[in-house]
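Visitor: final_21.txt is reproduced below (compact mmCIF, C-alpha atoms).
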# COMPACT_ATOMS: atom_id res chain seq x y z
CA MET Z 1 32.31 -33.91 62.69
CA ALA Z 2 35.63 -32.76 61.22
CA SER Z 3 38.88 -34.34 62.39
CA LYS Z 4 41.75 -32.34 63.88
CA GLY Z 5 43.74 -32.61 60.66
CA ASP Z 6 41.10 -30.73 58.72
CA THR Z 7 42.19 -27.20 57.99
CA GLY Z 8 39.16 -26.12 55.99
CA LYS Z 9 35.95 -24.89 57.43
CA LYS Z 10 32.60 -26.19 56.42
CA VAL Z 11 29.94 -23.69 55.53
CA ALA Z 12 26.33 -24.73 55.35
CA GLY Z 13 25.31 -25.52 51.78
CA LYS Z 14 28.91 -25.30 50.41
CA PRO Z 15 31.76 -27.88 50.28
CA ALA Z 16 34.87 -27.27 52.37
CA THR Z 17 37.55 -25.16 50.72
CA PRO Z 18 41.07 -26.68 51.00
CA THR Z 19 43.65 -24.28 52.44
CA ALA Z 20 46.57 -26.60 52.99
CA ALA Z 21 49.92 -25.45 51.62
CA GLY Z 22 50.55 -26.58 48.12
CA ALA Z 23 46.90 -27.18 47.31
CA ALA Z 24 46.08 -26.00 43.80
CA SER Z 25 43.34 -23.42 43.50
CA PRO Z 26 40.67 -24.12 40.86
CA PRO Z 27 41.05 -22.05 37.66
CA PRO Z 28 38.77 -19.01 37.45
CA PRO Z 29 35.69 -19.47 35.24
CA PRO Z 30 36.07 -18.12 31.70
CA LYS Z 31 34.69 -14.65 31.20
CA ASP Z 32 31.65 -14.27 29.03
CA LEU Z 33 32.91 -11.96 26.33
CA ALA Z 34 29.37 -11.19 25.25
CA LYS Z 35 28.58 -9.81 28.69
CA THR Z 36 31.78 -7.78 29.04
CA ALA Z 37 31.70 -6.31 25.51
CA ARG Z 38 31.01 -2.58 25.55
CA THR Z 39 29.11 -0.70 22.88
CA PRO Z 40 31.41 1.89 21.26
CA GLY Z 41 30.54 5.45 22.15
CA PRO Z 42 30.43 8.58 19.94
CA GLY Z 43 33.79 9.25 18.31
CA GLU Z 44 35.01 5.67 18.85
CA ASP Z 45 35.65 3.05 16.19
CA GLY Z 46 32.59 0.95 15.46
CA PHE Z 47 30.12 3.54 16.75
CA GLU Z 48 26.85 3.63 14.82
CA GLU Z 49 24.30 6.40 15.16
CA ARG Z 50 20.91 4.99 16.14
CA ILE Z 51 17.71 6.49 14.77
CA THR Z 52 14.29 5.24 15.85
CA GLY Z 53 10.73 5.90 14.81
CA GLN Z 54 10.51 8.59 17.50
CA ASP Z 55 13.29 10.56 15.79
CA VAL Z 56 11.36 10.34 12.52
CA LYS Z 57 8.17 11.37 14.28
CA ALA Z 58 9.94 14.43 15.72
CA CYS Z 59 10.49 15.76 12.18
CA PHE Z 60 6.74 16.25 11.69
CA LYS Z 61 3.69 17.74 13.31
CA VAL Z 62 1.66 14.78 14.62
CA SER Z 63 -2.09 15.35 14.82
CA GLU Z 64 -3.45 11.86 15.50
CA ASN Z 65 -2.20 8.62 17.05
CA LYS Z 66 -3.74 5.17 16.71
CA PRO Z 67 -3.54 2.31 19.25
CA ASN Z 68 -1.43 0.22 16.86
CA GLY Z 69 1.31 2.87 16.80
CA ASP Z 70 0.44 4.50 13.47
CA TYR Z 71 0.24 8.27 13.48
CA LYS Z 72 -0.93 11.00 11.12
CA TRP Z 73 1.92 13.34 10.25
CA GLN Z 74 2.13 16.71 8.57
CA CYS Z 75 5.35 18.01 7.07
CA LEU Z 76 6.71 21.18 8.69
CA SER Z 77 8.11 22.41 5.35
CA CYS Z 78 5.13 21.80 3.03
CA THR Z 79 1.45 20.83 3.16
CA SER Z 80 1.99 17.08 2.77
CA VAL Z 81 0.24 14.75 5.21
CA GLY Z 82 0.30 10.98 5.61
CA TRP Z 83 0.38 8.00 7.95
CA SER Z 84 3.10 5.72 9.41
CA THR Z 85 6.90 5.92 9.64
CA PRO Z 86 7.70 4.30 6.23
CA ASN Z 87 5.56 6.88 4.41
CA ALA Z 88 7.17 9.65 6.47
CA ILE Z 89 10.66 8.50 5.47
CA MET Z 90 9.59 8.30 1.83
CA HIS Z 91 8.33 11.88 1.99
CA LEU Z 92 11.52 13.20 3.63
CA LYS Z 93 13.59 11.68 0.84
CA ALA Z 94 11.54 13.60 -1.73
CA CYS Z 95 10.95 16.93 0.06
CA ASP Z 96 13.78 19.36 -0.74
CA GLU Z 97 12.57 21.93 1.78
CA ALA Z 98 12.49 19.43 4.64
CA GLN Z 99 16.00 18.23 3.82
CA LYS Z 100 17.39 21.65 4.79
CA ARG Z 101 16.67 20.96 8.47
CA PRO Z 102 19.45 19.24 10.52
CA GLU Z 103 17.17 16.71 12.22
CA VAL Z 104 15.88 15.56 8.82
CA GLN Z 105 19.41 15.23 7.47
CA ARG Z 106 20.31 13.09 10.49
CA VAL Z 107 17.28 10.84 10.01
CA LEU Z 108 17.95 10.31 6.31
CA LYS Z 109 21.61 9.52 7.00
CA TYR Z 110 21.28 7.06 9.86
CA TYR Z 111 17.73 5.67 9.90
CA LYS Z 112 17.46 1.92 9.35
CA PRO Z 113 14.22 -0.08 9.56
CA ARG Z 114 14.01 -2.30 12.61
CA ASN Z 115 15.36 -5.80 11.91
CA ARG Z 116 13.45 -8.35 13.95
CA LYS Z 117 15.57 -11.27 15.15
CA THR Z 118 14.27 -14.66 16.19
CA MET Z 119 15.16 -15.77 19.70
CA THR Z 120 16.20 -19.27 20.78
CA PRO Z 121 14.80 -20.66 24.04
CA ALA Z 122 17.05 -20.73 27.13
CA LYS Z 123 19.10 -23.89 27.59
CA ALA Z 124 19.76 -25.25 31.07
CA SER Z 125 23.18 -26.77 31.81
CA GLY Z 126 23.45 -30.30 33.10
CA SER Z 127 25.03 -29.20 36.39
CA GLY Z 128 21.88 -27.38 37.47
CA ASP Z 129 23.29 -23.88 36.90
CA ALA Z 130 21.06 -21.00 35.86
CA ALA Z 131 19.71 -21.14 32.32
CA THR Z 132 21.72 -19.38 29.64
CA PRO Z 133 20.08 -16.07 28.56
CA MET Z 134 18.38 -16.09 25.20
CA LYS Z 135 20.53 -14.84 22.35
CA PRO Z 136 19.68 -14.01 18.74
CA GLU Z 137 20.21 -16.85 16.34
CA ALA Z 138 23.25 -16.58 14.14
CA THR Z 139 22.60 -15.11 10.72
CA PRO Z 140 22.67 -17.95 8.16
CA ALA Z 141 25.43 -17.89 5.61
CA LYS Z 142 24.55 -16.31 2.31
CA VAL Z 143 23.99 -18.75 -0.52
CA GLU Z 144 25.44 -17.61 -3.79
CA PRO Z 145 22.81 -17.74 -6.57
CA ALA Z 146 23.46 -19.92 -9.55
CA LYS Z 147 25.18 -18.14 -12.39
CA THR Z 148 23.00 -17.41 -15.38
CA THR Z 149 24.02 -18.17 -18.91
CA ASP Z 150 23.85 -15.83 -21.85
CA SER Z 151 20.41 -17.17 -22.72
CA THR Z 152 19.07 -16.27 -19.27
CA ALA Z 153 19.07 -12.54 -18.58
CA LYS Z 154 19.91 -11.39 -15.07
CA LYS Z 155 16.93 -9.43 -13.87
CA SER Z 156 16.41 -8.29 -10.30
CA ARG Z 157 13.01 -7.28 -8.93
CA THR Z 158 13.97 -3.63 -8.80
CA GLY Z 159 16.31 -3.48 -11.76
CA ASP Z 160 14.18 -5.09 -14.42
CA GLU Z 161 14.05 -2.59 -17.26
CA ASN Z 162 10.86 -4.19 -18.60
CA ARG Z 163 8.91 -3.91 -15.37
CA VAL Z 164 6.96 -0.88 -14.19
CA ASP Z 165 4.75 -0.84 -11.11
CA GLY Z 166 2.78 1.64 -9.04
CA LYS Z 167 5.91 3.09 -7.40
CA ASP Z 168 7.33 4.03 -10.82
CA VAL Z 169 4.08 5.83 -11.62
CA ARG Z 170 4.16 7.59 -8.25
CA ASN Z 171 7.69 8.87 -8.88
CA CYS Z 172 6.42 10.82 -11.89
CA PHE Z 173 4.35 13.11 -9.63
CA LYS Z 174 4.57 15.26 -6.52
CA VAL Z 175 2.75 13.36 -3.77
CA THR Z 176 1.16 15.58 -1.09
CA GLU Z 177 -0.97 13.12 0.90
CA VAL Z 178 -0.87 9.38 1.57
CA LYS Z 179 -3.75 7.42 3.08
CA PRO Z 180 -3.44 4.26 5.23
CA ASN Z 181 -4.93 2.14 2.42
CA GLY Z 182 -2.14 3.17 0.04
CA ASP Z 183 -4.03 5.78 -1.96
CA TYR Z 184 -2.16 9.01 -2.55
CA LYS Z 185 -2.93 12.49 -3.84
CA TRP Z 186 -0.70 13.42 -6.77
CA THR Z 187 0.08 16.67 -8.57
CA CYS Z 188 1.52 16.65 -12.07
CA LEU Z 189 5.01 18.16 -12.34
CA SER Z 190 4.23 19.57 -15.80
CA CYS Z 191 0.74 21.04 -15.29
CA PRO Z 192 -1.67 21.89 -12.41
CA ALA Z 193 -3.62 18.61 -12.71
CA GLN Z 194 -4.28 16.68 -9.48
CA GLY Z 195 -5.91 13.40 -8.64
CA TRP Z 196 -5.93 10.19 -6.64
CA SER Z 197 -4.91 6.58 -7.38
CA THR Z 198 -2.44 4.99 -9.77
CA ALA Z 199 -5.00 4.29 -12.49
CA GLU Z 200 -6.00 7.95 -12.66
CA ALA Z 201 -2.33 9.01 -12.69
CA VAL Z 202 -1.50 6.74 -15.65
CA THR Z 203 -4.53 8.01 -17.55
CA HIS Z 204 -3.35 11.57 -16.99
CA LEU Z 205 0.19 10.82 -18.18
CA ARG Z 206 -1.18 9.42 -21.44
CA GLY Z 207 -2.96 12.70 -22.12
CA CYS Z 208 -0.43 15.24 -20.82
CA LYS Z 209 1.92 16.23 -23.68
CA ASP Z 210 4.24 18.23 -21.43
CA ALA Z 211 4.71 15.33 -19.01
CA GLN Z 212 5.50 12.97 -21.89
CA LYS Z 213 8.71 14.90 -22.57
CA ARG Z 214 10.28 13.37 -19.43
CA ASP Z 215 12.07 10.02 -19.74
CA GLU Z 216 10.51 8.42 -16.66
CA VAL Z 217 7.02 9.25 -17.98
CA LYS Z 218 7.83 7.74 -21.39
CA ARG Z 219 8.94 4.54 -19.68
CA VAL Z 220 5.75 4.34 -17.59
CA ILE Z 221 3.49 4.89 -20.60
CA GLU Z 222 5.34 2.27 -22.62
CA LEU Z 223 5.70 -0.48 -20.01
CA TYR Z 224 3.03 -0.02 -17.33
CA LYS Z 225 0.36 -2.70 -17.27
CA PRO Z 226 -2.44 -2.81 -14.65
CA ARG Z 227 -2.98 -5.97 -12.66
CA LYS Z 228 -5.18 -8.51 -14.39
CA ARG Z 229 -7.91 -9.57 -12.01
CA ARG Z 230 -9.19 -12.53 -13.97
CA SER Z 231 -8.27 -14.51 -17.06
CA THR Z 232 -9.33 -17.75 -18.75
CA ALA Z 233 -7.64 -19.98 -21.30
CA ASP Z 234 -8.60 -19.85 -24.96
CA ALA Z 235 -8.69 -22.91 -27.18
CA ASP Z 236 -5.23 -22.20 -28.56
CA GLY Z 237 -3.75 -22.00 -25.05
CA ALA Z 238 -3.37 -18.21 -24.97
CA ARG Z 239 -4.72 -16.16 -22.07
CA SER Z 240 -7.32 -13.47 -22.73
CA ALA Z 241 -9.01 -11.14 -20.23
CA LYS Z 242 -12.70 -11.72 -19.60
CA ILE Z 243 -15.34 -9.25 -18.43
CA ARG Z 244 -15.65 -9.28 -14.65
CA ARG Z 245 -19.19 -9.50 -13.30
CA SER Z 246 -18.56 -9.59 -9.54
CA PHE Z 247 -20.32 -6.67 -7.81
CA GLY Z 248 -18.78 -5.10 -4.71
CA GLN Z 249 -19.45 -1.96 -2.69
CA VAL Z 250 -16.72 0.70 -2.99
CA ALA Z 251 -17.21 3.87 -0.93
CA GLN Z 252 -16.78 7.44 -2.14
CA THR Z 253 -13.76 9.35 -0.72
CA ASP Z 254 -13.99 12.80 -2.38
CA PHE Z 255 -17.12 14.81 -1.58
CA THR Z 256 -16.30 18.04 -3.44
CA PRO Z 257 -19.57 19.31 -5.01
CA SER Z 258 -19.68 18.58 -8.78
CA LYS Z 259 -16.10 17.21 -8.64
CA GLY Z 260 -16.36 14.29 -6.21
CA ASN Z 261 -15.60 10.68 -7.07
CA ALA Z 262 -19.05 9.08 -6.71
CA LEU Z 263 -18.93 8.01 -10.38
CA GLN Z 264 -15.48 6.50 -9.85
CA ALA Z 265 -16.74 4.52 -6.84
CA CYS Z 266 -19.84 3.28 -8.69
CA VAL Z 267 -17.83 2.07 -11.70
CA ALA Z 268 -15.39 0.29 -9.37
CA SER Z 269 -18.33 -1.33 -7.54
CA ILE Z 270 -19.98 -2.62 -10.71
CA LEU Z 271 -16.74 -3.98 -12.18
CA GLY Z 272 -15.54 -5.48 -8.89
CA LEU Z 273 -12.38 -3.35 -8.87
CA GLY Z 274 -10.61 -1.33 -6.21
CA LEU Z 275 -10.99 2.43 -6.10
CA ASP Z 276 -7.31 2.86 -6.99
CA GLU Z 277 -7.86 0.91 -10.21
CA VAL Z 278 -10.46 3.33 -11.58
CA PRO Z 279 -9.77 7.02 -12.36
CA ASN Z 280 -11.90 9.98 -11.29
CA PHE Z 281 -13.48 10.73 -14.67
CA ILE Z 282 -14.83 14.12 -13.57
CA ALA Z 283 -11.47 15.43 -12.36
CA MET Z 284 -9.70 14.33 -15.54
CA PRO Z 285 -9.23 16.82 -18.38
CA GLY Z 286 -11.68 16.50 -21.24
CA ASP Z 287 -15.23 15.21 -21.44
CA MET Z 288 -16.36 13.04 -18.52
CA TYR Z 289 -18.24 10.54 -20.70
CA GLU Z 290 -15.39 10.27 -23.19
CA ASN Z 291 -13.02 9.51 -20.32
CA LEU Z 292 -15.44 6.87 -19.04
CA ARG Z 293 -15.78 5.21 -22.47
CA GLU Z 294 -12.01 5.10 -22.94
CA PHE Z 295 -11.54 3.43 -19.58
CA LEU Z 296 -14.35 0.90 -20.11
CA ALA Z 297 -12.89 -0.01 -23.52
CA THR Z 298 -9.77 -1.33 -21.73
CA HIS Z 299 -12.11 -3.79 -19.98
CA GLY Z 300 -13.91 -4.79 -23.17
CA LEU Z 301 -16.98 -2.66 -22.40
CA GLY Z 302 -18.93 0.17 -23.94
CA PHE Z 303 -21.24 2.73 -22.33
CA MET Z 304 -24.88 3.52 -23.17
CA ARG Z 305 -26.82 6.30 -21.46
CA LEU Z 306 -30.64 6.12 -21.44
CA SER Z 307 -33.15 8.67 -20.12
CA LEU Z 308 -35.89 7.59 -17.71
CA ASP Z 309 -39.56 8.40 -17.98
CA ASN Z 310 -41.55 10.18 -15.28
CA HIS Z 311 -42.10 6.90 -13.42
CA GLY Z 312 -38.42 5.98 -13.34
CA HIS Z 313 -38.63 3.27 -16.03
CA LEU Z 314 -36.40 2.54 -19.01
CA PRO Z 315 -37.83 2.64 -22.54
CA PHE Z 316 -37.12 -1.11 -22.91
CA ALA Z 317 -35.94 -4.10 -20.88
CA PRO Z 318 -32.15 -4.26 -21.33
CA ALA Z 319 -31.47 -7.88 -20.32
CA ALA Z 320 -32.99 -11.26 -19.51
CA LYS Z 321 -30.99 -11.40 -16.25
CA LYS Z 322 -30.59 -8.98 -13.37
CA ILE Z 323 -27.91 -6.37 -14.13
CA HIS Z 324 -26.24 -3.51 -12.26
CA CYS Z 325 -26.04 -0.05 -13.81
CA LEU Z 326 -25.34 3.61 -13.04
CA LEU Z 327 -28.23 5.80 -11.92
CA ALA Z 328 -27.83 9.60 -11.92
CA GLY Z 329 -30.02 12.36 -10.57
CA ASP Z 330 -30.15 15.28 -8.15
CA SER Z 331 -28.07 14.99 -4.99
CA PRO Z 332 -29.62 15.34 -1.51
CA HIS Z 333 -26.39 17.06 -0.37
CA GLY Z 334 -26.56 20.22 -2.48
CA ASP Z 335 -27.39 21.75 -5.86
CA HIS Z 336 -25.47 19.26 -7.99
CA ARG Z 337 -25.77 15.79 -9.53
CA HIS Z 338 -25.01 12.49 -7.83
CA VAL Z 339 -24.52 8.91 -9.06
CA VAL Z 340 -25.46 5.64 -7.36
CA VAL Z 341 -25.57 1.96 -8.33
CA ALA Z 342 -28.92 0.53 -9.36
CA GLU Z 343 -30.21 -2.79 -10.65
CA VAL Z 344 -32.71 -3.78 -13.30
CA GLY Z 345 -34.54 -7.08 -12.95
CA PRO Z 346 -34.87 -9.78 -15.64
CA ASN Z 347 -36.93 -8.57 -18.59
CA ASP Z 348 -37.90 -5.51 -16.58
CA THR Z 349 -37.76 -1.76 -17.15
CA LYS Z 350 -37.94 -0.65 -13.51
CA VAL Z 351 -34.70 0.76 -12.06
CA THR Z 352 -34.08 0.15 -8.34
CA PRO Z 353 -31.25 1.93 -6.43
CA VAL Z 354 -29.20 -0.59 -4.43
CA PHE Z 355 -25.97 1.14 -3.32
CA ASP Z 356 -25.05 4.75 -2.54
CA PRO Z 357 -21.27 5.35 -2.41
CA HIS Z 358 -21.88 8.36 -0.14
CA PRO Z 359 -21.71 7.38 3.56
CA SER Z 360 -25.10 9.00 4.25
CA GLY Z 361 -26.90 6.42 2.09
CA GLN Z 362 -29.58 8.95 1.08
CA PHE Z 363 -29.36 8.08 -2.65
CA LEU Z 364 -31.09 10.65 -4.95
CA THR Z 365 -33.90 13.20 -4.73
CA SER Z 366 -34.76 12.60 -8.42
CA GLN Z 367 -33.73 10.14 -11.14
CA THR Z 368 -32.59 11.40 -14.55
CA TRP Z 369 -30.68 8.77 -16.55
CA VAL Z 370 -29.26 5.25 -16.42
CA GLY Z 371 -25.81 4.18 -17.65
CA LEU Z 372 -25.51 0.64 -19.00
CA PHE Z 373 -22.25 -1.25 -19.56
CA ILE Z 374 -22.35 -3.32 -22.74
CA ALA Z 375 -19.84 -5.86 -24.04
CA LEU Z 376 -17.86 -4.76 -27.07
CA ASP Z 377 -17.13 -8.41 -27.89
CA PRO Z 378 -19.89 -10.78 -26.64
CA ALA Z 379 -17.50 -13.71 -27.00
CA ASN Z 380 -15.53 -12.40 -24.03
CA VAL Z 381 -18.46 -12.39 -21.60
CA THR Z 382 -18.30 -14.86 -18.71
CA ALA Z 383 -21.49 -16.33 -17.33
CA ASP Z 384 -21.16 -15.70 -13.58
Translate the structure described by the file into structure tokens.
Guide:
Amino acid sequence: MASKGDTGKKVAGKPATPTAAGAASPPPPPKDLAKTARTPGPGEDGFEERITGQDVKACFKVSENKPNGDYKWQCLSCTSVGWSTPNAIMHLKACDEAQKRPEVQRVLKYYKPRNRKTMTPAKASGSGDAATPMKPEATPAKVEPAKTTDSTAKKSRTGDENRVDGKDVRNCFKVTEVKPNGDYKWTCLSCPAQGWSTAEAVTHLRGCKDAQKRDEVKRVIELYKPRKRRSTADADGARSAKIRRSFGQVAQTDFTPSKGNALQACVASILGLGLDEVPNFIAMPGDMYENLREFLATHGLGFMRLSLDNHGHLPFAPAAKKIHCLLAGDSPHGDHRHVVVAEVGPNDTKVTPVFDPHPSGQFLTSQTWVGLFIALDPANVTAD
């Protein structure tokens, strides 16, 4: 019970507040500047235009959405199609017609990829107050790289003059379609040739005289080197590429009659390569078999085509171990040829189809010839 001299009033759950004359009032709590800070508005200093993926999406005609957020877009100024926001931005930067539209100009000027920040857990104060809201961790201070001497050249990942990758090859063409797996449809800027994949694009540049007049094409032809999938050490310590024997199933993606990429998919399957690492030999200018032999030579292989008898057998047994080969014949999908992957058993002449790159899996209605890959240098064959 309070005495008569008490001038404060007690409130349940709170200590009494002194009101006597001369009593000092407690200082007000410091203001949280982070909470009171206001984001600058349009026309004010520090204002930054914000562009999101929805603004990018609004620049295109969207025909399909996936649960993970990816979407299939089609340019409103040309026939290009593709997937995802990064590919859309890349197209807008290259499409002159699209850049005439105000919304595209705004996107290209202000769009920045989302920067994900790590969050620190809330910390509770010792006095039992409410936990402090989570805030982004401070950006660590930049560490200056060590200075290089004259003997060590300064080379950045993007500025290395002696480095050419798939993006440099892509910049030599007009790209009209991009697939989720990274494949793209290209059109030569110097002739009507079209195709898919980086390997096919490089092969075209090496044969197109008009394209070779451009500086960026000269640089690609001189410096581009495909990825080496496998290498082993020689006795002298040098590294030399070996013939890859790992078989994998690569599906066909182009089903145009007489111009599809079944042969491309079969070669990639036998060599254990990706589809983008093998060109479409039929779509390339020149003879299909000459194109195939030139490509196989870069992998240390030659090509031998053998006709089959009426029972589907080879004239001789090609190997003492089971091998994979090309098998060609009439297609069940129309009046044209088709190619599948087949195998020949040890010391056997019978050819057995094992993989059809076409999604139907119907193989062939008749068998005409077999294509064998042979080593140009037997010393470079690995025994897998």
Visitor: Write out as a VMD selection string each polymer residue whose atoms come within 6 Å of region 192-200 of chain Z, counting all atoms listed in the file; drop sequence neighbours fewer than 3 positions from it.
Guide: chain Z and resid 183 to 188 203 276 to 279
Visitor: Could you check which of Z:Leu296, Z:Ala320, Z:Gln54, Z:Leu263 is closest to Arg337 (chain Z), using all atoms listed in the file?
Guide: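 Using all atoms listed in the file, Arg337 (chain Z) sits closest to Z:Leu263.
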Visitor: Determine, counting all atoms listed in the file, which protein, DNA and RNA residues have an atom within 8 Å of an atom of Thr352 (chain Z); residues of the same chain fewer than 5 positions away are not included. Present the result as a PyMOL selection string.
Guide: chain Z and resi 342-344
Visitor: Any idea what the distance is between CA of Gly361 (chain Z) and CA of Leu292 (chain Z)?
Guide: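 The value is 24.0 Å.
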Visitor: Could you tell me how far CA of Cys325 (chain Z) sits from CA of Arg293 (chain Z), in Å to one decimal place?
Guide: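 Taking CA of Arg293 (chain Z) as the start and CA of Cys325 (chain Z) as the end point, the length is 14.4 Å.
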Visitor: Would you pick out the contacts of Ala94 (chain Z) at 12 Å or less, using only C-alpha atoms, so that residues sharing its chain but fewer than 6 positions from it are not included, and give the list as a PyMOL selection string?
Guide: chain Z and resi 75+77-78+80+87-88+100+104+108+170-176
Visitor: Do you have the CA of Pro67 (chain Z)-CA of Gly82 (chain Z) distance handy?
Guide: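 For CA of Pro67 (chain Z) relative to CA of Gly82 (chain Z), the distance reads 16.6 Å.
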Visitor: Go through Z:Ser258, Z:Ser331, Z:Asn291, Z:Gln249 one by one, measure the shortest atom-to-atom distance of each to Leu271 (chain Z) using all atoms listed in the file, and give the residue with the smallest value.
Guide: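 Of Z:Ser258, Z:Ser331, Z:Asn291, Z:Gln249, the one nearest Leu271 (chain Z) is Z:Gln249, counting all atoms listed in the file.
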Visitor: I want to know what sits within 12 Å of Lys322 (chain Z), based on all atoms listed in the file, with residues of the same chain fewer than 5 positions away left out; could you give that as a count of residues only?
Guide: 15
Visitor: Could you check the closest approach to Thr368 (chain Z) for each of Z:Pro318, Z:Gly312, Z:Gly53, Z:Pro332 and tell me which residue wins, using all atoms listed in the file?
Guide: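 For Thr368 (chain Z), the nearest of the given residues is Z:Gly312.
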Visitor: Could you check the closest approach to Glu222 (chain Z) for each of Z:Val107, Z:Arg163, Z:Val267, Z:Asp356 and tell me which residue wins, using all atoms listed in the file?
Guide: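 Ranked by minimum distance to Glu222 (chain Z), first place goes to Z:Arg163.
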Visitor: With a distance cut-off of 9 Å and only C-alpha atoms, select the neighbouring residues of Ser63 (chain Z), excluding the residue or stretch itself and same-chain residues fewer than 6 positions from it, and output the selection as a list in words.
Guide: Tyr71, Lys72, Trp73 and Gln74 of chain Z
Visitor: For Gln252 (chain Z), which residue out of Z:Val340, Z:Ala297, Z:Leu273, Z:Leu364 is the nearest one, using only C-alpha atoms?
Guide: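 For Gln252 (chain Z), the nearest of the candidates is Z:Val340.
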Visitor: Measuring between all atoms listed in the file, which one of Z:His333, Z:Lys179, Z:His204, Z:Lys209 shows the shortest distance to Thr256 (chain Z)?
Guide: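 Selected residue with least distance to Thr256 (chain Z): Z:His333.
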